[in-house]
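**Q** Take a look at run06.pdb, PDB, C-alpha atoms:
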```pdb
MODEL        1
ATOM      1  CA  MET A  30     104.235  35.258-207.783
ATOM      2  CA  ASN A  31     101.784  36.649-205.253
ATOM      3  CA  THR A  32      98.348  35.091-204.900
ATOM      4  CA  PRO A  33      95.330  36.075-202.797
ATOM      5  CA  GLN A  34      94.536  34.547-199.452
ATOM      6  CA  THR A  35      92.301  31.826-200.886
ATOM      7  CA  GLY A  36      89.782  31.930-198.048
ATOM      8  CA  ILE A  37      88.618  35.311-199.354
ATOM      9  CA  LEU A  38      87.306  33.789-202.589
ATOM     10  CA  LEU A  39      86.172  30.377-201.337
ATOM     11  CA  PRO A  40      82.555  29.660-200.323
ATOM     12  CA  LEU A  41      81.705  30.297-196.696
ATOM     13  CA  PRO A  42      82.754  27.573-194.240
ATOM     14  CA  PRO A  43      80.179  25.907-191.972
ATOM     15  CA  LEU A  44      81.758  27.554-188.921
ATOM     16  CA  ALA A  45      84.029  30.504-188.281
ATOM     17  CA  CYS A  46      85.688  32.450-185.512
ATOM     18  CA  TYR A  47      86.717  36.103-185.773
ATOM     19  CA  LEU A  48      89.580  37.332-183.615
ATOM     20  CA  THR A  49      90.324  41.017-183.098
ATOM     21  CA  PHE A  50      93.586  42.153-181.472
ATOM     22  CA  LEU A  51      94.746  45.494-180.116
ATOM     23  CA  GLY A  52      98.392  46.500-180.131
ATOM     24  CA  GLU A  53     100.239  46.537-176.804
ATOM     25  CA  ASP A  54     104.002  46.389-177.438
ATOM     26  CA  VAL A  55     105.248  47.794-180.732
ATOM     27  CA  ALA A  56     108.777  46.564-179.990
ATOM     28  CA  HIS A  57     107.624  42.946-180.372
ATOM     29  CA  ALA A  58     105.108  43.515-183.164
ATOM     30  CA  ALA A  59     107.402  42.732-186.099
ATOM     31  CA  GLY A  60     108.478  39.401-184.611
ATOM     32  CA  CYS A  61     104.876  38.410-183.899
ATOM     33  CA  LEU A  62     103.825  39.326-187.421
ATOM     34  CA  ARG A  63     106.616  37.218-188.913
ATOM     35  CA  ALA A  64     105.471  34.259-186.783
ATOM     36  CA  LEU A  65     101.870  34.819-187.878
ATOM     37  CA  ALA A  66     102.963  35.016-191.526
ATOM     38  CA  ALA A  67     104.502  31.567-191.264
ATOM     39  CA  LEU A  68     101.414  30.124-189.551
ATOM     40  CA  ALA A  69      98.560  31.585-191.585
ATOM     41  CA  ASP A  70      97.717  29.595-194.712
ATOM     42  CA  GLY A  71      95.328  32.203-196.147
ATOM     43  CA  GLU A  72      92.616  29.562-196.527
ATOM     44  CA  ARG A  73      91.672  28.325-193.074
ATOM     45  CA  THR A  74      93.266  31.374-191.456
ATOM     46  CA  VAL A  75      92.724  34.731-193.195
ATOM     47  CA  VAL A  76      94.618  37.721-191.785
ATOM     48  CA  GLY A  77      94.017  41.472-191.926
ATOM     49  CA  LEU A  78      96.237  44.247-190.529
ATOM     50  CA  GLY A  79      94.888  47.553-189.239
ATOM     51  CA  ARG A  80      96.107  51.080-189.859
ATOM     52  CA  SER A  81      96.762  51.678-186.153
ATOM     53  CA  LEU A  82      99.330  48.872-186.169
ATOM     54  CA  LEU A  83     101.021  49.935-189.385
ATOM     55  CA  SER A  84     101.124  53.566-188.281
ATOM     56  CA  ALA A  85     102.855  52.492-185.063
ATOM     57  CA  LEU A  86     105.412  50.697-187.228
ATOM     58  CA  ALA A  87     105.791  53.820-189.424
ATOM     59  CA  ILE A  88     104.459  51.891-192.438
ATOM     60  CA  ASP A  89     102.007  53.230-195.010
ATOM     61  CA  ILE A  90      99.868  50.944-197.164
ATOM     62  CA  ASP A  91      98.339  52.953-199.987
ATOM     63  CA  GLY A  92      94.559  52.788-199.589
ATOM     64  CA  LEU A  93      94.437  51.717-195.933
ATOM     65  CA  ARG A  94      92.666  54.431-193.966
ATOM     66  CA  PRO A  95      90.658  54.842-190.768
ATOM     67  CA  PHE A  96      87.048  53.705-190.650
ATOM     68  CA  PRO A  97      85.020  56.811-191.522
ATOM     69  CA  SER A  98      82.817  58.845-189.235
ATOM     70  CA  VAL A  99      79.429  58.252-190.862
ATOM     71  CA  ALA A 100      76.157  59.668-189.593
ATOM     72  CA  GLY A 101      72.652  60.312-190.889
ATOM     73  CA  PRO A 102      69.223  61.228-189.500
ATOM     74  CA  GLY A 103      69.144  59.507-186.103
ATOM     75  CA  ILE A 104      72.079  57.273-187.094
ATOM     76  CA  GLU A 105      75.723  57.349-186.051
ATOM     77  CA  LEU A 106      77.926  54.392-186.916
ATOM     78  CA  PRO A 107      80.741  53.371-184.551
ATOM     79  CA  ALA A 108      84.399  53.174-185.557
ATOM     80  CA  THR A 109      86.367  50.604-183.557
ATOM     81  CA  PRO A 110      89.907  50.407-184.982
ATOM     82  CA  ALA A 111      92.083  47.408-184.201
ATOM     83  CA  ALA A 112      95.588  46.187-184.940
ATOM     84  CA  VAL A 113      94.967  42.681-186.291
ATOM     85  CA  TRP A 114      91.850  40.878-187.523
ATOM     86  CA  ILE A 115      91.821  37.127-188.138
ATOM     87  CA  TRP A 116      89.062  35.080-189.747
ATOM     88  CA  LEU A 117      89.334  31.412-188.758
ATOM     89  CA  ARG A 118      87.412  29.125-191.125
ATOM     90  CA  GLY A 119      86.521  25.511-190.395
ATOM     91  CA  ASP A 120      83.899  22.893-189.627
ATOM     92  CA  ASP A 121      84.814  21.765-186.102
ATOM     93  CA  ARG A 122      84.077  24.080-183.166
ATOM     94  CA  GLY A 123      86.706  22.487-180.944
ATOM     95  CA  GLU A 124      89.411  22.775-183.591
ATOM     96  CA  LEU A 125      88.557  26.455-184.098
ATOM     97  CA  LEU A 126      88.842  27.018-180.358
ATOM     98  CA  GLN A 127      92.276  25.394-180.203
ATOM     99  CA  ARG A 128      93.491  27.294-183.255
ATOM    100  CA  ALA A 129      92.277  30.574-181.773
ATOM    101  CA  ARG A 130      94.060  29.842-178.489
ATOM    102  CA  HIS A 131      97.282  29.006-180.293
ATOM    103  CA  ILE A 132      97.186  32.224-182.325
ATOM    104  CA  ALA A 133      96.420  34.331-179.250
ATOM    105  CA  GLN A 134      99.431  32.807-177.487
ATOM    106  CA  LEU A 135     101.605  33.396-180.561
ATOM    107  CA  LEU A 136     100.669  37.091-180.678
ATOM    108  CA  ALA A 137     100.633  37.687-176.920
ATOM    109  CA  PRO A 138     104.070  39.385-176.749
ATOM    110  CA  ALA A 139     102.748  42.305-178.807
ATOM    111  CA  PHE A 140      98.958  42.070-179.030
ATOM    112  CA  CYS A 141      95.964  41.717-176.709
ATOM    113  CA  LEU A 142      92.961  39.666-177.800
ATOM    114  CA  ALA A 143      90.079  42.157-177.611
ATOM    115  CA  GLU A 144      87.179  40.191-179.087
ATOM    116  CA  THR A 145      86.260  36.674-180.174
ATOM    117  CA  ILE A 146      83.107  36.139-182.235
ATOM    118  CA  ASP A 147      81.796  32.700-183.161
ATOM    119  CA  ALA A 148      79.898  32.560-186.451
ATOM    120  CA  PHE A 149      78.143  29.972-188.570
ATOM    121  CA  VAL A 150      76.220  29.354-191.775
ATOM    122  CA  HIS A 151      72.496  29.431-191.056
ATOM    123  CA  ASP A 152      69.804  27.700-193.113
ATOM    124  CA  GLY A 153      71.915  27.357-196.236
ATOM    125  CA  GLY A 154      73.187  30.940-196.272
ATOM    126  CA  ARG A 155      70.463  33.021-194.653
ATOM    127  CA  ASP A 156      70.708  35.823-192.147
ATOM    128  CA  LEU A 157      69.095  35.179-188.757
ATOM    129  CA  THR A 158      66.106  37.154-190.050
ATOM    130  CA  GLY A 159      65.551  34.346-192.568
ATOM    131  CA  TYR A 160      66.514  36.328-195.673
ATOM    132  CA  GLU A 161      69.212  35.127-198.056
ATOM    133  CA  ASP A 162      72.442  37.046-197.585
ATOM    134  CA  GLY A 163      74.785  38.166-200.351
ATOM    135  CA  THR A 164      72.366  37.463-203.224
ATOM    136  CA  GLU A 165      74.070  39.912-205.601
ATOM    137  CA  ASN A 166      77.634  38.906-204.783
ATOM    138  CA  PRO A 167      79.887  38.863-207.844
ATOM    139  CA  VAL A 168      81.104  35.379-208.814
ATOM    140  CA  GLY A 169      84.074  33.899-210.652
ATOM    141  CA  GLU A 170      86.344  36.426-212.357
ATOM    142  CA  ALA A 171      84.030  39.254-211.305
ATOM    143  CA  ALA A 172      84.531  38.302-207.650
ATOM    144  CA  THR A 173      88.302  38.347-208.069
ATOM    145  CA  ALA A 174      88.159  41.704-209.856
ATOM    146  CA  ALA A 175      86.016  43.181-207.073
ATOM    147  CA  ALA A 176      88.000  41.817-204.131
ATOM    148  CA  ILE A 177      91.641  41.366-205.148
ATOM    149  CA  VAL A 178      94.120  44.106-206.069
ATOM    150  CA  GLY A 179      95.399  43.493-209.592
ATOM    151  CA  ALA A 180      98.787  43.627-211.297
ATOM    152  CA  GLY A 181      98.361  47.333-212.023
ATOM    153  CA  ARG A 182      99.421  47.993-208.423
ATOM    154  CA  PRO A 183     102.459  45.677-208.238
ATOM    155  CA  LEU A 184     103.391  46.426-204.618
ATOM    156  CA  LEU A 185      99.917  45.349-203.431
ATOM    157  CA  ALA A 186      98.988  42.820-206.131
ATOM    158  CA  GLY A 187      97.120  39.837-204.686
ATOM    159  CA  SER A 188      96.162  41.657-201.510
ATOM    160  CA  SER A 189      92.725  42.906-200.480
ATOM    161  CA  PHE A 190      91.034  45.479-198.275
ATOM    162  CA  VAL A 191      88.271  44.377-195.910
ATOM    163  CA  ALA A 192      85.553  46.265-194.035
ATOM    164  CA  VAL A 193      84.220  44.500-190.937
ATOM    165  CA  GLN A 194      81.149  45.380-188.880
ATOM    166  CA  ARG A 195      79.364  43.427-186.173
ATOM    167  CA  TRP A 196      75.596  44.035-186.395
ATOM    168  CA  LEU A 197      73.209  43.261-183.519
ATOM    169  CA  HIS A 198      69.654  42.387-184.567
ATOM    170  CA  ASP A 199      66.577  43.147-182.490
ATOM    171  CA  LEU A 200      64.934  39.897-183.521
ATOM    172  CA  GLY A 201      61.968  40.414-181.213
ATOM    173  CA  ARG A 202      61.140  43.700-182.890
ATOM    174  CA  PHE A 203      61.672  42.201-186.318
ATOM    175  CA  GLU A 204      59.360  39.272-185.591
ATOM    176  CA  GLN A 205      56.599  41.656-184.506
ATOM    177  CA  MET A 206      56.489  43.184-187.991
ATOM    178  CA  PRO A 207      53.919  41.765-190.449
ATOM    179  CA  SER A 208      55.596  39.556-193.040
ATOM    180  CA  ASP A 209      54.919  41.944-195.923
ATOM    181  CA  GLU A 210      56.428  44.801-193.931
ATOM    182  CA  ARG A 211      59.577  42.747-193.353
ATOM    183  CA  ASP A 212      59.804  42.051-197.075
ATOM    184  CA  ARG A 213      59.501  45.754-197.863
ATOM    185  CA  CYS A 214      62.269  46.572-195.376
ATOM    186  CA  ILE A 215      64.601  44.209-197.218
ATOM    187  CA  GLY A 216      63.257  44.774-200.720
ATOM    188  CA  ARG A 217      62.971  41.045-201.384
ATOM    189  CA  ARG A 218      60.375  38.418-200.573
ATOM    190  CA  ARG A 219      61.563  36.027-197.910
ATOM    191  CA  CYS A 220      59.683  33.104-199.476
ATOM    192  CA  ASP A 221      61.440  33.121-202.872
ATOM    193  CA  ASN A 222      64.168  35.822-202.606
ATOM    194  CA  GLU A 223      62.674  37.759-205.529
ATOM    195  CA  GLU A 224      63.008  41.540-205.576
ATOM    196  CA  ILE A 225      59.832  43.511-204.919
ATOM    197  CA  ASP A 226      59.041  45.668-207.950
ATOM    198  CA  ASP A 227      57.484  48.498-205.965
ATOM    199  CA  ALA A 228      59.845  48.330-202.977
ATOM    200  CA  PRO A 229      60.115  51.670-201.128
ATOM    201  CA  ALA A 230      63.200  53.849-201.513
ATOM    202  CA  SER A 231      64.181  52.899-197.948
ATOM    203  CA  ALA A 232      64.362  49.158-198.747
ATOM    204  CA  HIS A 233      67.834  47.731-198.232
ATOM    205  CA  VAL A 234      68.030  46.437-201.807
ATOM    206  CA  GLN A 235      67.183  49.903-203.141
ATOM    207  CA  ARG A 236      69.801  51.532-200.917
ATOM    208  CA  THR A 237      72.686  49.188-201.710
ATOM    209  CA  ALA A 238      72.209  47.723-205.213
ATOM    210  CA  GLN A 239      75.852  47.752-206.282
ATOM    211  CA  GLU A 240      75.284  48.377-209.985
ATOM    212  CA  ARG A 241      73.203  51.512-209.290
ATOM    213  CA  PHE A 242      76.143  53.547-208.049
ATOM    214  CA  THR A 243      78.423  55.696-210.219
ATOM    215  CA  PRO A 244      80.900  54.117-210.497
ATOM    216  CA  PRO A 245      79.399  50.707-209.576
ATOM    217  CA  ALA A 246      80.114  49.838-205.943
ATOM    218  CA  PHE A 247      80.988  46.151-206.131
ATOM    219  CA  VAL A 248      82.348  44.345-203.076
ATOM    220  CA  LEU A 249      82.648  40.656-202.257
ATOM    221  CA  ARG A 250      80.576  39.922-199.167
ATOM    222  CA  ARG A 251      81.633  37.101-196.875
ATOM    223  CA  SER A 252      79.255  37.812-193.986
ATOM    224  CA  MET A 253      78.141  35.217-191.440
ATOM    225  CA  PRO A 254      75.570  35.153-188.618
ATOM    226  CA  TRP A 255      76.764  35.196-185.007
ATOM    227  CA  ALA A 256      75.024  34.315-181.749
ATOM    228  CA  GLU A 257      75.873  34.712-178.085
ATOM    229  CA  GLY A 258      73.191  33.526-175.692
ATOM    230  CA  PRO A 259      69.902  35.165-176.771
ATOM    231  CA  ARG A 260      71.721  37.889-178.738
ATOM    232  CA  GLY A 261      72.637  37.522-182.378
ATOM    233  CA  GLY A 262      73.144  39.285-185.666
ATOM    234  CA  LEU A 263      75.531  39.427-188.599
ATOM    235  CA  VAL A 264      79.269  39.843-188.920
ATOM    236  CA  PHE A 265      79.349  41.915-192.081
ATOM    237  CA  VAL A 266      82.578  41.307-194.005
ATOM    238  CA  ALA A 267      83.192  42.978-197.375
ATOM    239  CA  PHE A 268      86.399  42.512-199.388
ATOM    240  CA  ALA A 269      87.316  44.966-202.154
ATOM    241  CA  THR A 270      90.223  46.562-203.976
ATOM    242  CA  SER A 271      89.541  49.794-202.083
ATOM    243  CA  PHE A 272      87.146  51.064-199.432
ATOM    244  CA  ASP A 273      85.408  53.427-201.858
ATOM    245  CA  PRO A 274      82.580  51.012-202.846
ATOM    246  CA  PHE A 275      81.813  50.146-199.233
ATOM    247  CA  GLU A 276      81.749  53.793-198.181
ATOM    248  CA  ALA A 277      79.444  54.686-201.081
ATOM    249  CA  GLN A 278      76.968  52.066-199.886
ATOM    250  CA  LEU A 279      77.343  53.124-196.257
ATOM    251  CA  ARG A 280      76.632  56.783-197.014
ATOM    252  CA  ARG A 281      73.490  55.846-198.901
ATOM    253  CA  MET A 282      72.347  53.532-196.102
ATOM    254  CA  VAL A 283      72.464  56.307-193.508
ATOM    255  CA  GLY A 284      70.758  58.755-195.854
ATOM    256  CA  SER A 285      73.584  61.259-196.048
ATOM    257  CA  GLU A 286      72.748  61.984-199.712
ATOM    258  CA  ASP A 287      68.950  62.201-199.716
ATOM    259  CA  GLY A 288      67.824  61.881-196.088
ATOM    260  CA  ILE A 289      66.328  58.414-196.676
ATOM    261  CA  VAL A 290      67.595  55.948-194.077
ATOM    262  CA  ASP A 291      67.922  52.247-194.883
ATOM    263  CA  ALA A 292      65.010  50.326-193.361
ATOM    264  CA  LEU A 293      67.499  47.839-191.887
ATOM    265  CA  PHE A 294      68.059  50.325-189.075
ATOM    266  CA  ARG A 295      64.526  49.639-187.867
ATOM    267  CA  PHE A 296      65.727  46.358-186.387
ATOM    268  CA  THR A 297      69.533  46.228-186.440
ATOM    269  CA  ARG A 298      72.524  48.435-185.590
ATOM    270  CA  PRO A 299      76.287  47.963-185.939
ATOM    271  CA  LEU A 300      78.288  47.575-182.746
ATOM    272  CA  SER A 301      81.660  47.982-184.453
ATOM    273  CA  GLY A 302      83.367  49.114-187.623
ATOM    274  CA  ALA A 303      86.967  48.641-188.741
ATOM    275  CA  TYR A 304      89.152  48.490-191.844
ATOM    276  CA  PHE A 305      92.030  46.087-192.512
ATOM    277  CA  TRP A 306      94.506  45.265-195.262
ATOM    278  CA  CYS A 307      94.848  41.562-196.101
ATOM    279  CA  PRO A 308      98.339  40.778-197.458
ATOM    280  CA  ALA A 309      98.851  38.479-200.422
ATOM    281  CA  MET A 310     100.453  35.045-200.172
ATOM    282  CA  ARG A 311     103.877  34.105-201.496
ATOM    283  CA  ALA A 312     105.429  30.628-201.303
ATOM    284  CA  GLY A 313     102.754  29.412-198.875
ATOM    285  CA  ARG A 314     102.980  32.245-196.348
ATOM    286  CA  LEU A 315     101.744  35.796-195.905
ATOM    287  CA  ASP A 316     103.827  38.199-197.967
ATOM    288  CA  LEU A 317     104.882  40.950-195.572
ATOM    289  CA  SER A 318     107.410  42.471-197.981
ATOM    290  CA  PRO A 319     105.355  45.698-198.347
ATOM    291  CA  LEU A 320     105.953  46.180-194.612
ATOM    292  CA  GLU A 321     109.733  45.730-194.923
ATOM    293  CA  ILE A 322     109.910  43.656-191.765
TER     294      ILE A 322
ENDMDL
END
```
Take the structure I supplied and represent it as structure tokens, if you would.

**A**
Amino acid sequence: MNTPQTGILLPLPPLACYLTFLGEDVAHAAGCLRALAALADGERTVVGLGRSLLSALAIDIDGLRPFPSVAGPGIELPATPAAVWIWLRGDDRGELLQRARHIAQLLAPAFCLAETIDAFVHDGGRDLTGYEDGTENPVGEAATAAAIVGAGRPLLAGSSFVAVQRWLHDLGRFEQMPSDERDRCIGRRRCDNEEIDDAPASAHVQRTAQERFTPPAFVLRRSMPWAEGPRGGLVFVAFATSFDPFEAQLRRMVGSEDGIVDALFRFTRPLSGAYFWCPAMRAGRLDLSPLEI
């Protein structure tokens, strides 16, 4: 029986490392994927496969599509497709480094490591801006229903689709805003995380409240802050049974429906955007049977 990669549903780890690979040699890709399937436990090492890789292998996963071209007034979001995405979860920076090196060596015959991002839990689950992240995340059975493909799609049951974006914050600009202006950008008070009753239509909470979409746009967020020298931001990670909920939120954020742009864009912008399919687990290893390799 297939089960989800458990790291998707578990609480965030203290530390993480995100690895993004580009394809280089399709002839060796299947062998590398089989080796990765045996290594990845789905808990400490969560794996996603990109459409560019599967297209090169002449494989179609129903629901896996390119990251969309999304633009709004003064906003254009980047699409940065990749072959393989790996989320390493742990609590020891050195161990994460060694695990990342081992995986990169394992995949080297077919894939090139394009990006490594170190991430961490900050202040009990806050973004670097100081606001709580993922407040309206579904929990329990609702989280599973939002993130994990069910038995109604037997070929993909237990798998998930994930949207990944790396956001860079302009923390200096953010800190120059008065505190009440920051709160109105987010739509919540930083001091107690309560929603602001009269928040403007541009507030992030107003733009992305999942239950306010038709149909509701529920995703399971597993985002974590990142930092590199003086630069930092958020690795936005959203798991779902399809990309439709994420795209509904994204279109509303950029104002493509009503011309109102999410106030987040006043101090942060995404540097990347990619979609991946996360296979289910079977007998302790990634189930690659939908790929027939």

**Q** Pull out every residue that the PyMOL selection byres ((chain A and resi 285) around 12) matches in the shown coordinates and put them as a PyMOL selection string.

**A** chain A and resi 98-105+236+276-284+286-291

**Q** Using the selection just defined, write its residues with C-alpha atoms as a PDB file, in the frame of the given file.

**A**
```pdb
ATOM      1  CA  SER A  98      82.817  58.845-189.235  1.00  0.00           C
ATOM      2  CA  VAL A  99      79.429  58.252-190.862  1.00  0.00           C
ATOM      3  CA  ALA A 100      76.157  59.668-189.593  1.00  0.00           C
ATOM      4  CA  GLY A 101      72.652  60.312-190.889  1.00  0.00           C
ATOM      5  CA  PRO A 102      69.223  61.228-189.500  1.00  0.00           C
ATOM      6  CA  GLY A 103      69.144  59.507-186.103  1.00  0.00           C
ATOM      7  CA  ILE A 104      72.079  57.273-187.094  1.00  0.00           C
ATOM      8  CA  GLU A 105      75.723  57.349-186.051  1.00  0.00           C
ATOM      9  CA  ARG A 236      69.801  51.532-200.917  1.00  0.00           C
ATOM     10  CA  GLU A 276      81.749  53.793-198.181  1.00  0.00           C
ATOM     11  CA  ALA A 277      79.444  54.686-201.081  1.00  0.00           C
ATOM     12  CA  GLN A 278      76.968  52.066-199.886  1.00  0.00           C
ATOM     13  CA  LEU A 279      77.343  53.124-196.257  1.00  0.00           C
ATOM     14  CA  ARG A 280      76.632  56.783-197.014  1.00  0.00           C
ATOM     15  CA  ARG A 281      73.490  55.846-198.901  1.00  0.00           C
ATOM     16  CA  MET A 282      72.347  53.532-196.102  1.00  0.00           C
ATOM     17  CA  VAL A 283      72.464  56.307-193.508  1.00  0.00           C
ATOM     18  CA  GLY A 284      70.758  58.755-195.854  1.00  0.00           C
ATOM     19  CA  GLU A 286      72.748  61.984-199.712  1.00  0.00           C
ATOM     20  CA  ASP A 287      68.950  62.201-199.716  1.00  0.00           C
ATOM     21  CA  GLY A 288      67.824  61.881-196.088  1.00  0.00           C
ATOM     22  CA  ILE A 289      66.328  58.414-196.676  1.00  0.00           C
ATOM     23  CA  VAL A 290      67.595  55.948-194.077  1.00  0.00           C
ATOM     24  CA  ASP A 291      67.922  52.247-194.883  1.00  0.00           C
TER      25      ASP A 291
END
```

**Q** Select all residues near (82.2, 52.7, -202.6) (cut-off 10 Å, inclusive, file coordinates), counting only C-alpha atoms, and output them as a list in words.

**A**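 Residues lying no farther than 10 Å from the given point: Gln239, Phe242, Thr243, Pro244, Pro245, Ala246, Phe247, Val248, Ala269, Ser271, Phe272, Asp273, Pro274, Phe275, Glu276, Ala277, Gln278, Leu279, Arg280 and Arg281 of chain A.
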
**Q** Let me know the residues the PyMOL selection byres ((chain A and resi 260-267) around 10) catches in the file above, as number ranges by chain.

**A** A: 37, 47, 116, 146-149, 156-158, 162, 176, 190-200, 247-259, 268-269, 272, 274-275, 297-302, 304

**Q** Counting all atoms listed in the file, what is within 7 Å of Leu51 of chain A, bar same-chain residues fewer than 2 positions away, as a VMD selection string?

**A** chain A and resid 49 53 111 to 113 140 to 143

**Q** Would you write out, as an NGL selection string, every residue that the PyMOL selection byres ((chain A and resi 35) around 12) captures in this file?

**A** :A and (31-34 or 36-41 or 69-76 or 118 or 173 or 176-177 or 187-189 or 307-311 or 313-315)

**Q** Give me, as JSON, numbers by chain, all polymer residues having an atom no more than 7 Å from segment 203-218 of chain A, counting all atoms listed in the file and skipping those fewer than 2 positions away in the same chain.

**A** {"A": [199, 200, 201, 220, 221, 222, 223, 224, 225, 228, 229, 232, 233, 234, 235, 292, 293, 296]}

**Q** Produce a file of the selected residues containing C-alpha atoms, as an mmCIF file, in the frame of the given file.

**A**
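again-v6.cif was written with the following content:
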```cif
data_model
loop_
_atom_site.group_PDB
_atom_site.id
_atom_site.type_symbol
_atom_site.label_atom_id
_atom_site.label_comp_id
_atom_site.auth_asym_id
_atom_site.auth_seq_id
_atom_site.Cartn_x
_atom_site.Cartn_y
_atom_site.Cartn_z
ATOM 1 C CA ASP A 199 66.577 43.147 -182.490
ATOM 2 C CA LEU A 200 64.934 39.897 -183.521
ATOM 3 C CA GLY A 201 61.968 40.414 -181.213
ATOM 4 C CA CYS A 220 59.683 33.104 -199.476
ATOM 5 C CA ASP A 221 61.440 33.121 -202.872
ATOM 6 C CA ASN A 222 64.168 35.822 -202.606
ATOM 7 C CA GLU A 223 62.674 37.759 -205.529
ATOM 8 C CA GLU A 224 63.008 41.540 -205.576
ATOM 9 C CA ILE A 225 59.832 43.511 -204.919
ATOM 10 C CA ALA A 228 59.845 48.330 -202.977
ATOM 11 C CA PRO A 229 60.115 51.670 -201.128
ATOM 12 C CA ALA A 232 64.362 49.158 -198.747
ATOM 13 C CA HIS A 233 67.834 47.731 -198.232
ATOM 14 C CA VAL A 234 68.030 46.437 -201.807
ATOM 15 C CA GLN A 235 67.183 49.903 -203.141
ATOM 16 C CA ALA A 292 65.010 50.326 -193.361
ATOM 17 C CA LEU A 293 67.499 47.839 -191.887
ATOM 18 C CA PHE A 296 65.727 46.358 -186.387
#
```

**Q** When you draw a straight line from atom CA of Ala66 of chain A to atom CA of Leu317 of chain A, how long is it in Å?

**A**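 Computed distance, atom CA of Ala66 of chain A to atom CA of Leu317 of chain A, equals 7.4 Å.
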
**Q** Check the smallest atom-to-atom distance from each of A:Leu68, A:Glu124, A:Gly77, A:Ala59 to Leu44 of chain A using all atoms listed in the file, then report the winner.

**A**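 Closest candidate: A:Glu124.
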
**Q** Could the centre and edge lengths of an axis-aligned box, enclosing all atoms of segment 286-292 of chain A in the file with 3 Å extra on each side, be given in Å to one decimal as JSON?

**A**
```
{"center_x": 68.9, "center_y": 56.3, "center_z": -196.5, "size_x": 13.7, "size_y": 17.9, "size_z": 12.4}
```

**Q** Which is closest to Gly60 of chain A among A:Leu86, A:Glu240, A:Arg94, A:Ser231, if we use only C-alpha atoms?

**A**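 Of A:Leu86, A:Glu240, A:Arg94, A:Ser231, the one nearest Gly60 of chain A, counting only C-alpha atoms, is A:Leu86.
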
**Q** Report, in Å to a single decimal, how far apart atom CA of Pro43 of chain A and atom CA of Thr237 of chain A are.

**A** 26.3 Å

**Q** So, counting all atoms listed in the file, which residue among A:Ala303, A:Leu62, A:Leu135, A:Ala312 is closest to Ser81 of chain A?

**A** A:Ala303

**Q** Please report the interatomic distance between atom CA of Ala137 of chain A and atom CA of Asp120 of chain A in Å with one decimal.

**A**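 These two atoms are separated by 25.7 Å.
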
**Q** With distances taken over all atoms listed in the file, which residue among A:Phe294, A:Cys46, A:Leu320, A:Ala108 lies nearest Leu125 of chain A?

**A**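 The answer is A:Cys46, which sits nearest to Leu125 of chain A.
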
**Q** Taking into account only C-alpha atoms, which residue in the set A:Asp227, A:Glu321, A:Leu136, A:Leu106 is nearest to His57 of chain A?

**A** A:Leu136

**Q** I need the residue nearest Gly119 of chain A from this list: A:Ile132, A:Ala174, A:Ala45, A:Val168. Use all atoms listed in the file for the distance.

**A**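 Smallest distance to Gly119 of chain A is found for A:Ala45.
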